[in-house]
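Trainee: Here you go, entry04.cif (mmCIF, C-alpha atoms and all ligand atoms):
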```
data_my_file
#
loop_
_atom_site.label_atom_id
_atom_site.label_comp_id
_atom_site.auth_asym_id
_atom_site.auth_seq_id
_atom_site.Cartn_x
_atom_site.Cartn_y
_atom_site.Cartn_z
CA MET K 266 181.76 74.64 235.47
CA GLY K 267 182.79 71.29 234.01
CA LYS K 268 181.30 69.55 231.06
CA SER K 269 177.78 68.22 231.49
CA THR K 270 177.20 64.50 231.83
CA ILE K 271 174.91 62.60 229.47
CA ILE K 272 173.53 59.36 230.87
CA LEU K 273 171.51 56.77 229.00
CA ALA K 274 169.33 54.80 231.42
CA ILE K 275 167.51 51.50 230.97
CA GLU K 276 164.69 50.16 233.13
CA SER K 277 163.37 46.64 232.61
CA SER K 278 162.67 45.23 236.06
CA CYS K 279 159.04 44.28 235.54
CA ASP K 280 156.62 44.91 232.68
CA ASP K 281 157.54 48.44 231.65
CA THR K 282 160.39 48.98 229.20
CA GLY K 283 161.99 52.33 229.93
CA ILE K 284 164.68 54.35 228.20
CA ALA K 285 165.73 57.79 229.41
CA ILE K 286 168.44 60.26 228.57
CA LEU K 287 169.57 62.80 231.14
CA ARG K 288 171.88 65.77 230.94
CA ASP K 289 173.12 66.09 234.52
CA ARG K 290 169.98 66.12 236.68
CA LYS K 291 167.65 67.15 233.87
CA VAL K 292 165.65 64.68 231.81
CA LEU K 293 166.00 65.10 228.05
CA SER K 294 163.75 62.20 227.15
CA ASN K 295 161.90 59.56 229.13
CA LEU K 296 160.11 56.78 227.28
CA VAL K 297 158.05 53.97 228.72
CA ALA K 298 156.67 51.19 226.57
CA THR K 299 153.91 49.66 228.67
CA GLN K 300 153.31 46.04 227.84
CA GLU K 301 149.61 45.64 227.14
CA ILE K 302 149.94 41.91 226.59
CA HIS K 303 149.65 41.10 230.32
CA LYS K 304 146.16 42.57 230.67
CA GLN K 305 144.45 39.52 229.24
CA TYR K 306 146.14 37.31 231.87
CA GLY K 307 145.19 39.44 234.88
CA GLY K 308 148.80 39.93 235.94
CA VAL K 309 152.36 40.07 234.66
CA VAL K 310 153.54 36.92 232.85
CA PRO K 311 157.35 36.91 233.32
CA GLU K 312 158.18 35.03 230.13
CA LEU K 313 156.14 37.43 228.01
CA ALA K 314 157.62 40.43 229.81
CA SER K 315 161.19 39.40 228.89
CA ARG K 316 160.24 38.89 225.28
CA ALA K 317 158.49 42.26 225.08
CA HIS K 318 161.52 44.03 226.60
CA GLN K 319 163.63 42.46 223.90
CA GLN K 320 161.32 43.79 221.22
CA ASN K 321 160.90 47.23 222.77
CA LEU K 322 164.43 48.23 223.73
CA ILE K 323 165.95 49.10 220.36
CA PRO K 324 163.00 51.14 219.04
CA ALA K 325 162.74 52.90 222.43
CA LEU K 326 166.46 53.74 222.37
CA GLU K 327 166.19 55.17 218.86
CA GLU K 328 163.16 57.23 219.79
CA GLY K 329 164.76 58.36 223.07
CA LEU K 330 167.86 59.64 221.27
CA ARG K 331 165.74 61.37 218.67
CA ARG K 332 163.58 63.15 221.25
CA ALA K 333 166.61 64.16 223.31
CA ASN K 334 168.37 65.31 220.17
CA ILE K 335 171.49 63.43 221.24
CA SER K 336 173.69 61.16 219.17
CA ILE K 337 174.70 57.87 220.70
CA GLN K 338 178.38 58.91 220.70
CA GLU K 339 177.61 61.79 223.08
CA ILE K 340 176.58 59.42 225.87
CA ASP K 341 178.99 59.34 228.84
CA ALA K 342 177.65 56.28 230.65
CA ILE K 343 175.06 53.51 230.41
CA ALA K 344 172.90 52.92 233.49
CA PHE K 345 170.60 49.98 234.11
CA ALA K 346 168.33 48.60 236.84
CA ARG K 347 170.14 45.61 238.30
CA GLY K 348 167.22 44.60 240.55
CA PRO K 349 165.04 43.84 242.37
CA GLY K 350 162.59 42.54 239.82
CA LEU K 351 161.81 39.66 237.50
CA ILE K 352 165.06 37.91 236.67
CA GLY K 353 164.30 37.34 232.98
CA SER K 354 163.24 40.96 232.49
CA LEU K 355 166.30 42.28 234.30
CA MET K 356 168.54 40.02 232.25
CA VAL K 357 167.34 41.61 229.01
CA GLY K 358 168.08 45.12 230.30
CA VAL K 359 171.45 44.20 231.79
CA ASN K 360 172.61 42.51 228.59
CA PHE K 361 171.44 45.41 226.48
CA ALA K 362 173.36 47.81 228.72
CA LYS K 363 176.48 45.65 228.56
CA GLY K 364 176.33 45.50 224.77
CA LEU K 365 176.08 49.28 224.54
CA SER K 366 178.84 49.81 227.07
CA LEU K 367 181.14 47.49 225.19
CA SER K 368 180.43 48.87 221.75
CA LEU K 369 180.57 52.54 222.79
CA GLY K 370 183.45 52.11 225.21
CA LYS K 371 181.55 53.90 227.97
CA PRO K 372 181.21 52.95 231.64
CA LEU K 373 178.38 50.85 232.98
CA ILE K 374 176.45 51.88 236.12
CA GLU K 375 174.21 49.49 238.03
CA VAL K 376 171.25 50.97 239.91
CA ASN K 377 169.05 49.54 242.62
CA HIS K 378 165.48 50.02 241.36
CA ILE K 379 164.16 50.75 244.88
CA HIS K 380 166.78 53.42 245.48
CA ALA K 381 165.90 54.91 242.11
CA HIS K 382 162.24 55.38 243.12
CA VAL K 383 163.49 57.52 246.03
CA LEU K 384 166.13 59.42 244.07
CA ALA K 385 163.54 60.26 241.38
CA HIS K 386 162.73 63.16 243.71
CA LEU K 387 166.08 64.73 242.84
CA ILE K 388 165.35 65.09 239.12
CA GLU K 389 165.67 68.77 238.30
CA GLU K 390 162.69 70.43 236.70
CA ASP K 391 162.06 74.05 235.93
CA GLY K 392 159.85 75.57 238.59
CA ALA K 393 159.81 72.51 240.85
CA GLU K 394 161.50 72.21 244.22
CA ASN K 395 163.49 69.11 245.21
CA PRO K 396 163.50 67.79 248.78
CA SER K 397 166.68 68.39 250.72
CA PHE K 398 168.29 65.60 252.76
CA PRO K 399 167.25 64.04 254.99
CA PHE K 400 163.84 63.11 253.67
CA LEU K 401 161.45 60.25 254.28
CA CYS K 402 160.11 58.52 251.19
CA LEU K 403 157.14 56.18 251.03
CA THR K 404 157.44 54.05 247.89
CA VAL K 405 154.20 52.28 247.07
CA SER K 406 153.72 50.28 243.88
CA GLY K 407 152.55 46.96 242.55
CA GLY K 408 155.86 45.39 243.47
CA HIS K 409 156.98 47.21 246.60
CA THR K 410 155.94 49.05 249.72
CA GLN K 411 158.83 50.65 251.50
CA LEU K 412 159.43 53.46 253.89
CA MET K 413 162.92 54.80 253.36
CA MET K 414 165.05 57.34 255.14
CA ALA K 415 167.17 59.15 252.57
CA ARG K 416 170.11 60.77 254.39
CA THR K 417 172.30 61.35 251.33
CA ASP K 418 172.19 60.07 247.76
CA ASP K 419 174.14 56.98 248.82
CA ASN K 420 172.72 56.52 252.29
CA LEU K 421 169.20 55.20 251.82
CA GLU K 422 167.88 53.06 254.62
CA ILE K 423 164.73 50.94 254.53
CA ILE K 424 163.07 51.61 257.89
CA GLY K 425 159.83 49.79 257.14
CA GLN K 426 158.38 47.48 254.52
CA THR K 427 155.51 45.20 253.79
CA MET K 428 155.43 41.79 255.38
CA ASP K 429 153.24 40.35 252.61
CA ASP K 430 151.45 42.04 249.71
CA ALA K 431 152.54 45.38 248.26
CA ALA K 432 150.16 48.34 248.52
CA GLY K 433 149.48 48.15 244.78
CA GLU K 434 148.55 44.49 245.18
CA ALA K 435 146.09 45.44 247.93
CA PHE K 436 144.39 47.58 245.29
CA ASP K 437 144.73 45.13 242.41
CA LYS K 438 143.61 42.05 244.36
CA ALA K 439 140.57 43.82 245.80
CA ALA K 440 139.73 45.05 242.32
CA LYS K 441 139.86 41.47 241.08
CA ILE K 442 137.42 40.41 243.82
CA LEU K 443 135.14 43.20 242.58
CA GLY K 444 135.38 41.87 239.03
CA LEU K 445 137.44 44.80 237.74
CA PRO K 446 140.19 44.27 235.14
CA TYR K 447 143.93 44.32 235.91
CA PRO K 448 145.51 46.57 237.07
CA GLY K 449 142.56 47.58 239.22
CA GLY K 450 144.25 50.30 241.30
CA PRO K 451 143.34 53.17 238.97
CA LEU K 452 139.75 51.88 238.74
CA ILE K 453 139.29 51.68 242.52
CA ASP K 454 140.53 55.27 242.57
CA LYS K 455 138.16 56.32 239.79
CA TYR K 456 135.02 54.70 241.29
CA GLY K 457 136.08 55.58 244.82
CA GLN K 458 136.05 59.28 244.02
CA LYS K 459 132.29 59.12 243.58
CA GLY K 460 131.57 57.09 246.71
CA ASN K 461 131.16 57.55 250.45
CA PRO K 462 134.41 56.65 252.26
CA ASN K 463 132.48 55.93 255.47
CA ALA K 464 129.88 53.60 253.94
CA TYR K 465 131.69 50.44 255.07
CA GLU K 466 134.28 49.62 257.67
CA PHE K 467 137.45 47.73 256.76
CA PRO K 468 139.93 47.04 259.57
CA ILE K 469 143.19 49.02 259.57
CA PRO K 470 145.98 46.40 259.68
CA GLN K 471 147.82 46.20 262.98
CA ILE K 472 151.55 45.75 262.57
CA SER K 473 154.48 47.00 264.60
CA GLY K 474 156.99 49.75 263.85
CA TYR K 475 157.06 51.22 260.37
CA ASN K 476 156.13 47.96 258.69
CA PHE K 477 153.06 47.24 256.59
CA SER K 478 150.80 44.29 255.91
CA PHE K 479 147.98 44.12 253.39
CA SER K 480 147.00 40.48 253.07
CA GLY K 481 144.46 40.70 255.92
CA LEU K 482 142.82 43.71 254.32
CA LYS K 483 142.43 41.87 251.04
CA THR K 484 140.93 38.89 252.89
CA SER K 485 138.49 41.17 254.70
CA MET K 486 137.32 42.43 251.30
CA LEU K 487 136.89 38.85 250.12
CA TYR K 488 134.70 37.90 253.14
CA PHE K 489 132.80 41.17 253.00
CA ILE K 490 131.83 40.63 249.36
CA ARG K 491 131.07 36.93 249.89
CA ASP K 492 128.69 37.74 252.76
CA ARG K 493 126.97 40.60 250.94
CA ILE K 494 126.38 38.95 247.58
CA LYS K 495 124.71 35.92 249.16
CA PRO K 496 121.47 37.81 249.90
CA ASP K 497 121.96 40.31 247.06
CA PRO K 498 123.77 39.12 243.91
CA ASP K 499 123.84 42.70 242.57
CA PHE K 500 125.48 44.08 245.70
CA ILE K 501 128.77 45.00 243.95
CA GLN K 502 127.12 46.69 241.01
CA LYS K 503 124.82 48.73 243.26
CA ASN K 504 127.50 49.82 245.71
CA LEU K 505 130.74 49.84 243.73
CA ALA K 506 131.60 53.49 244.43
CA ASP K 507 131.03 53.16 248.18
CA ILE K 508 132.98 49.90 248.40
CA CYS K 509 135.94 51.36 246.49
CA SER K 510 135.84 54.57 248.47
CA SER K 511 135.75 52.84 251.87
CA TYR K 512 138.45 50.32 250.98
CA GLN K 513 140.75 52.94 249.48
CA LYS K 514 140.35 55.20 252.50
CA THR K 515 141.56 52.37 254.75
CA ILE K 516 144.73 51.77 252.71
CA ILE K 517 145.58 55.47 252.56
CA LYS K 518 144.93 55.97 256.27
CA PHE K 519 147.22 53.06 257.08
CA LEU K 520 150.03 54.26 254.79
CA LEU K 521 149.95 57.81 256.10
CA GLN K 522 149.71 56.69 259.73
CA LYS K 523 153.10 55.00 259.36
CA LEU K 524 154.62 57.90 257.49
CA ILE K 525 153.65 60.42 260.13
CA LYS K 526 154.79 58.12 262.92
CA ALA K 527 158.24 57.96 261.29
CA SER K 528 158.27 61.69 260.67
CA LYS K 529 157.60 62.43 264.34
CA GLU K 530 159.81 59.76 265.89
CA LEU K 531 162.75 60.37 263.56
CA ASN K 532 162.26 64.10 263.55
CA CYS K 533 162.17 64.45 259.78
CA SER K 534 159.85 66.99 258.22
CA ASN K 535 160.61 66.44 254.53
CA LEU K 536 158.15 63.86 253.26
CA ALA K 537 157.95 62.29 249.83
CA ILE K 538 155.90 59.63 248.07
CA SER K 539 156.65 57.63 244.96
CA GLY K 540 155.69 54.45 243.10
CA GLY K 541 152.62 53.75 240.98
CA VAL K 542 150.18 54.01 243.90
CA SER K 543 151.22 57.61 244.47
CA ALA K 544 149.04 58.34 241.43
CA ASN K 545 146.08 57.69 243.73
CA SER K 546 144.01 60.85 244.02
CA LEU K 547 143.04 60.32 247.66
CA LEU K 548 146.62 59.56 248.69
CA ARG K 549 147.81 62.76 247.00
CA LYS K 550 145.11 64.83 248.63
CA GLU K 551 145.54 63.38 252.12
CA PHE K 552 149.34 63.52 251.86
CA GLU K 553 149.27 67.24 251.16
CA LEU K 554 146.72 67.86 253.91
CA LEU K 555 148.89 65.96 256.33
CA GLY K 556 151.86 68.10 255.36
CA LYS K 557 149.92 71.25 256.15
CA LYS K 558 148.57 69.87 259.41
CA GLU K 559 151.91 68.58 260.67
CA ASN K 560 153.98 71.43 259.28
CA CYS K 561 155.96 69.16 256.96
CA LYS K 562 157.12 69.76 253.41
CA THR K 563 155.57 67.30 250.98
CA PHE K 564 156.96 66.16 247.64
CA ILE K 565 155.31 64.16 244.88
CA PRO K 566 157.30 63.76 241.67
CA ARG K 567 155.69 64.23 238.29
CA PHE K 568 153.58 61.14 237.57
CA GLU K 569 155.89 59.83 234.84
CA TYR K 570 158.66 59.65 237.47
CA CYS K 571 156.37 57.90 239.99
CA THR K 572 155.65 54.73 238.05
CA ASP K 573 158.43 52.49 236.79
CA ASN K 574 160.57 54.59 234.47
CA ALA K 575 164.16 54.96 233.33
CA ALA K 576 164.59 58.62 234.29
CA MET K 577 164.81 57.55 237.93
CA ILE K 578 167.53 55.03 236.98
CA GLY K 579 169.34 57.86 235.24
CA ILE K 580 169.27 60.24 238.20
CA ALA K 581 170.48 57.51 240.56
CA ALA K 582 173.32 56.80 238.11
CA TYR K 583 174.21 60.48 237.88
CA PHE K 584 175.36 60.48 241.51
CA LYS K 585 177.33 57.28 241.01
CA PHE K 586 178.95 58.64 237.87
CA HIS K 587 180.48 61.51 239.79
CA LYS K 588 181.90 59.08 242.34
CA LYS K 589 183.22 56.90 239.51
CA ASP K 590 181.18 54.08 240.99
CA PHE K 591 181.13 51.92 237.85
CA SER K 592 180.26 48.26 237.31
CA ASP K 593 182.33 45.80 235.35
CA LEU K 594 181.15 43.75 232.41
CA ASN K 595 180.64 40.54 234.36
CA ILE K 596 177.87 42.05 236.50
CA THR K 597 174.70 39.95 236.72
CA PRO K 598 171.12 40.97 237.53
CA SER K 599 169.72 40.31 240.97
CA ALA K 600 166.03 39.49 241.51
CA ARG K 601 166.39 40.39 245.19
CA MET K 602 168.70 43.17 246.19
CA ASP K 603 169.49 43.15 249.90
O1 LIG Y 1 155.13 51.70 239.94
P1 LIG Y 1 154.20 50.89 239.11
O2 LIG Y 1 153.77 51.40 237.78
O3 LIG Y 1 154.80 49.47 238.84
C1 LIG Y 1 155.31 48.63 239.84
O4 LIG Y 1 154.50 47.87 240.37
O5 LIG Y 1 156.52 48.71 240.15
O6 LIG Y 1 152.91 50.59 240.01
C2 LIG Y 1 151.79 49.90 239.55
C3 LIG Y 1 150.79 49.77 240.67
C4 LIG Y 1 149.64 48.85 240.34
O7 LIG Y 1 149.42 48.01 241.45
C5 LIG Y 1 148.48 49.80 240.13
O8 LIG Y 1 147.24 49.26 240.42
C6 LIG Y 1 148.83 50.91 241.10
O9 LIG Y 1 150.23 51.06 240.97
N1 LIG Y 1 148.15 52.17 240.77
C7 LIG Y 1 147.20 52.74 241.53
C8 LIG Y 1 146.77 53.91 240.85
N2 LIG Y 1 147.50 54.00 239.69
C9 LIG Y 1 148.33 52.94 239.66
N3 LIG Y 1 146.69 52.38 242.70
C10 LIG Y 1 145.76 53.17 243.23
N4 LIG Y 1 145.28 54.29 242.65
C11 LIG Y 1 145.76 54.70 241.46
N5 LIG Y 1 145.29 55.81 240.90
ZN ZN Y 2 159.04 50.07 240.83
#
```
What is this file in structure tokens?
Ligand code: KG4
Ligand code: ZN
Mentor:
Amino acid sequence: MGKSTIILAIESSCDDTGIAILRDRKVLSNLVATQEIHKQYGGVVPELASRAHQQNLIPALEEGLRRANISIQEIDAIAFARGPGLIGSLMVGVNFAKGLSLSLGKPLIEVNHIHAHVLAHLIEEDGAENPSFPFLCLTVSGGHTQLMMARTDDNLEIIGQTMDDAAGEAFDKAAKILGLPYPGGPLIDKYGQKGNPNAYEFPIPQISGYNFSFSGLKTSMLYFIRDRIKPDPDFIQKNLADICSSYQKTIIKFLLQKLIKASKELNCSNLAISGGVSANSLLRKEFELLGKKENCKTFIPRFEYCTDNAAMIGIAAYFKFHKKDFSDLNITPSARMD
């Protein structure tokens, strides 16, 4: 067996500053500094996100090394999320990575953030099974909604994606209509657990192939609430659990409908979910039930690897490291990665 590989990974594509250190496919430390500052604005403010990344990166790196019990000289490569994401946020991470690469004399590895969400499933953990290729991965977060076919670690194909809002936005925007604070996804989940999922009917979006669309669903929530609060101003307060439960059920049904369609048509029985929305309790439950019903293997990574994190950047870089797929120092971030 050869020497193990130590990778330092940096994630800064949106509003979470992440630093992770991996030894081969195992995570030694994985830190996320969540930026609380955006809460008061009801959404991510790009300018503030960049500034917070700048403030967070050095303390996170120091803490990450300490927790991993690794000295900076032991690192074999520096990985970073090149995109997609907010350009200012990405810029901070990319420049930080370049500075480290230059000063340590270690190679630089660019990672596509979307690919990393999928490859997060290949992080090695004691007692947990990893999916084998090929597997289908539904990535659902505040920034993306993608159905990917993972054939190998470097053959990841987007087979379906959202035409408008991301699944997380469908949660967050509906939550805003209900007067809940940002990000509202976890709150819709929390209230929804206590409600009746069949209390109200929201239309399942109709869209071809493996694609998604959520803007109509959000609009249907807007009209529904507008019509109900006219005669009863306390309608939301009185029925919050039922509204959340019914709305959430519709999103989950829609997501899983597409996943199972792809599984059957593409003959792939390894199914995975990732992204912040995969924290949703109903999605987790229904996903596992679907696996049992359809005789498919289901995989959900540990929650800290579901939301934006640097460990997933590290695992994606691990595969590139062994192919010597390095980036040079004039690499620039890319807000959209095609
Ligand atoms: O992956 P993530 O942390 O960041 C990116 O957007 O990339 O995902 C955040 C999204 C937000 O839209 C948030 O509302 C949603 O994930 N979310 C949830 C839950 N937890 C987080 N949505 C529904 N149910 C949850 N339990
Ligand atoms: Zn993400």
Trainee: Counting only C-alpha atoms, figure out which residue out of K:Arg332, K:Phe398, K:Ile343, K:Arg290 gets nearest to Ser368 (chain K).
Mentor: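 Of K:Arg332, K:Phe398, K:Ile343, K:Arg290, the one nearest Ser368 (chain K), counting only C-alpha atoms, is K:Ile343.
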Trainee: Check every protein, DNA and RNA residue against ligand ZN 2 (chain Y), keep those with an atom at most 10 Å away (counting all atoms listed in the file), and present them as number ranges by chain.
Mentor: K: 276-281, 348-350, 378-382, 404-410, 539-541, 571-574, 577
Trainee: Pick out the closest residue to ligand LIG 1 (chain Y) from this set: K:Leu554, K:Ala431, K:Ala333, K:Ala415. Count all atoms listed in the file.
Mentor: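 Of the candidates, the smallest distance to ligand LIG 1 (chain Y) is held by K:Ala431.
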Trainee: Near Ala576 (chain K), within 8 Å and counting all atoms listed in the file, which residues show up once chain neighbours fewer than 4 positions away are dropped, as a ChimeraX atom specification?
Mentor: /K:274,284-287,292,295,385,570,580
Trainee: Quick one: everything within 8 Å of Ser480 (chain K), counting all atoms listed in the file, minus sequence neighbours fewer than 6 positions away in the same chain. Send it as number ranges by chain.
Mentor: K: 429-430, 435
Trainee: So how far away is CA of Gly307 (chain K) from atom O8 of ligand LIG 1 (chain Y), in Å?
Mentor: 11.5 Å
Trainee: Restricting the calculation to all atoms listed in the file: of K:Ala298, K:Cys561, K:Ile596, K:Leu387, which residue gets closest to ligand LIG 1 (chain Y)?
Mentor: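 When distances to ligand LIG 1 (chain Y) are compared using all atoms listed in the file, the smallest one comes from K:Ala298.
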Trainee: Tell me, as a list in words, which residues lie within 7 Å of Leu536 (chain K), counting only C-alpha atoms; anything in the same chain fewer than 4 positions away does not count.
Mentor: Phe400, Leu401, Cys402, Cys561, Lys562, Thr563 and Phe564 of chain K
Trainee: Counting all atoms listed in the file, find the residues whose atoms lie at most 9 Å from (149.2, 44.0, 254.1) (file coordinates) and write them out as a PyMOL selection string.
Mentor: chain K and resi 427-432+434-435+470+472+477-483
Trainee: Counting only C-alpha atoms and all ligand atoms, which of K:Ala317, K:Leu487, K:Ile302, K:Ala575 gets nearest to ligand LIG 1 (chain Y)?
Mentor: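 Of all the options, K:Ala575 lies closest to ligand LIG 1 (chain Y).
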Trainee: CA of Lys588 (chain K) and CA of Ile374 (chain K), how far apart in Å?
Mentor: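 Rounded to one decimal, the two atoms are 11.0 Å apart.
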Trainee: Here is a test: counting all atoms listed in the file, which residue of K:Cys509, K:Leu445, K:Ala393, K:Leu273 is nearest to Leu326 (chain K)?
Mentor: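 Among the listed residues, K:Leu273 lies closest to Leu326 (chain K).
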Trainee: K:Leu351, K:Ala582, K:Val297, K:Ile538: which is nearest Asn321 (chain K), counting all atoms listed in the file?
Mentor: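 Smallest separation from Asn321 (chain K) among the options: K:Val297.
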Trainee: Please indicate the distance in Å from CA of Lys589 (chain K) to CA of Ile337 (chain K), rounded to one decimal place.
Mentor: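 Answer for the CA of Lys589 (chain K) to CA of Ile337 (chain K) separation: 20.7 Å.
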Trainee: Reconstruct N, CA, C and O atoms of region 520-538 of chain K; output as an mmCIF file, in the coordinates of the input.
Mentor:
```
data_model
loop_
_atom_site.group_PDB
_atom_site.id
_atom_site.type_symbol
_atom_site.label_atom_id
_atom_site.label_comp_id
_atom_site.auth_asym_id
_atom_site.auth_seq_id
_atom_site.Cartn_x
_atom_site.Cartn_y
_atom_site.Cartn_z
ATOM 1 N N LEU K 520 148.735 53.818 255.336
ATOM 2 C CA LEU K 520 150.030 54.260 254.790
ATOM 3 C C LEU K 520 150.486 55.557 255.462
ATOM 4 O O LEU K 520 151.636 55.681 255.894
ATOM 5 N N LEU K 521 149.557 56.504 255.569
ATOM 6 C CA LEU K 521 149.950 57.810 256.100
ATOM 7 C C LEU K 521 150.185 57.778 257.604
ATOM 8 O O LEU K 521 151.010 58.543 258.114
ATOM 9 N N GLN K 522 149.488 56.866 258.281
ATOM 10 C CA GLN K 522 149.710 56.690 259.730
ATOM 11 C C GLN K 522 151.179 56.350 259.988
ATOM 12 O O GLN K 522 151.821 56.885 260.888
ATOM 13 N N LYS K 523 151.713 55.440 259.185
ATOM 14 C CA LYS K 523 153.100 55.000 259.360
ATOM 15 C C LYS K 523 154.073 56.117 258.987
ATOM 16 O O LYS K 523 155.096 56.311 259.629
ATOM 17 N N LEU K 524 153.733 56.828 257.929
ATOM 18 C CA LEU K 524 154.620 57.900 257.490
ATOM 19 C C LEU K 524 154.731 58.992 258.558
ATOM 20 O O LEU K 524 155.830 59.457 258.876
ATOM 21 N N ILE K 525 153.626 59.337 259.142
ATOM 22 C CA ILE K 525 153.650 60.420 260.130
ATOM 23 C C ILE K 525 154.307 59.955 261.431
ATOM 24 O O ILE K 525 155.006 60.715 262.098
ATOM 25 N N LYS K 526 154.126 58.692 261.745
ATOM 26 C CA LYS K 526 154.790 58.120 262.920
ATOM 27 C C LYS K 526 156.315 58.242 262.740
ATOM 28 O O LYS K 526 157.023 58.714 263.633
ATOM 29 N N ALA K 527 156.796 57.871 261.559
ATOM 30 C CA ALA K 527 158.240 57.960 261.290
ATOM 31 C C ALA K 527 158.700 59.410 261.311
ATOM 32 O O ALA K 527 159.753 59.738 261.865
ATOM 33 N N SER K 528 157.904 60.282 260.725
ATOM 34 C CA SER K 528 158.270 61.690 260.670
ATOM 35 C C SER K 528 158.459 62.261 262.077
ATOM 36 O O SER K 528 159.434 62.959 262.353
ATOM 37 N N LYS K 529 157.539 61.906 262.971
ATOM 38 C CA LYS K 529 157.600 62.430 264.340
ATOM 39 C C LYS K 529 158.749 61.788 265.123
ATOM 40 O O LYS K 529 159.554 62.479 265.738
ATOM 41 N N GLU K 530 158.814 60.463 265.067
ATOM 42 C CA GLU K 530 159.810 59.760 265.890
ATOM 43 C C GLU K 530 161.233 60.000 265.405
ATOM 44 O O GLU K 530 162.168 59.991 266.192
ATOM 45 N N LEU K 531 161.392 60.184 264.101
ATOM 46 C CA LEU K 531 162.750 60.370 263.560
ATOM 47 C C LEU K 531 163.052 61.835 263.284
ATOM 48 O O LEU K 531 164.099 62.175 262.759
ATOM 49 N N ASN K 532 162.066 62.662 263.639
ATOM 50 C CA ASN K 532 162.260 64.100 263.550
ATOM 51 C C ASN K 532 162.662 64.543 262.139
ATOM 52 O O ASN K 532 163.682 65.211 261.957
ATOM 53 N N CYS K 533 161.878 64.121 261.174
ATOM 54 C CA CYS K 533 162.170 64.450 259.780
ATOM 55 C C CYS K 533 160.925 65.074 259.153
ATOM 56 O O CYS K 533 159.868 64.438 259.102
ATOM 57 N N SER K 534 161.052 66.302 258.704
ATOM 58 C CA SER K 534 159.850 66.990 258.220
ATOM 59 C C SER K 534 159.807 67.166 256.703
ATOM 60 O O SER K 534 158.971 67.890 256.188
ATOM 61 N N ASN K 535 160.715 66.477 255.995
ATOM 62 C CA ASN K 535 160.610 66.440 254.530
ATOM 63 C C ASN K 535 160.026 65.094 254.149
ATOM 64 O O ASN K 535 160.657 64.060 254.397
ATOM 65 N N LEU K 536 158.844 65.115 253.561
ATOM 66 C CA LEU K 536 158.150 63.860 253.260
ATOM 67 C C LEU K 536 157.908 63.729 251.769
ATOM 68 O O LEU K 536 157.505 64.696 251.113
ATOM 69 N N ALA K 537 158.127 62.507 251.267
ATOM 70 C CA ALA K 537 157.950 62.290 249.830
ATOM 71 C C ALA K 537 157.208 60.978 249.591
ATOM 72 O O ALA K 537 157.265 60.063 250.417
ATOM 73 N N ILE K 538 156.503 60.906 248.477
ATOM 74 C CA ILE K 538 155.900 59.630 248.070
ATOM 75 C C ILE K 538 156.303 59.329 246.630
ATOM 76 O O ILE K 538 156.543 60.235 245.837
#
```
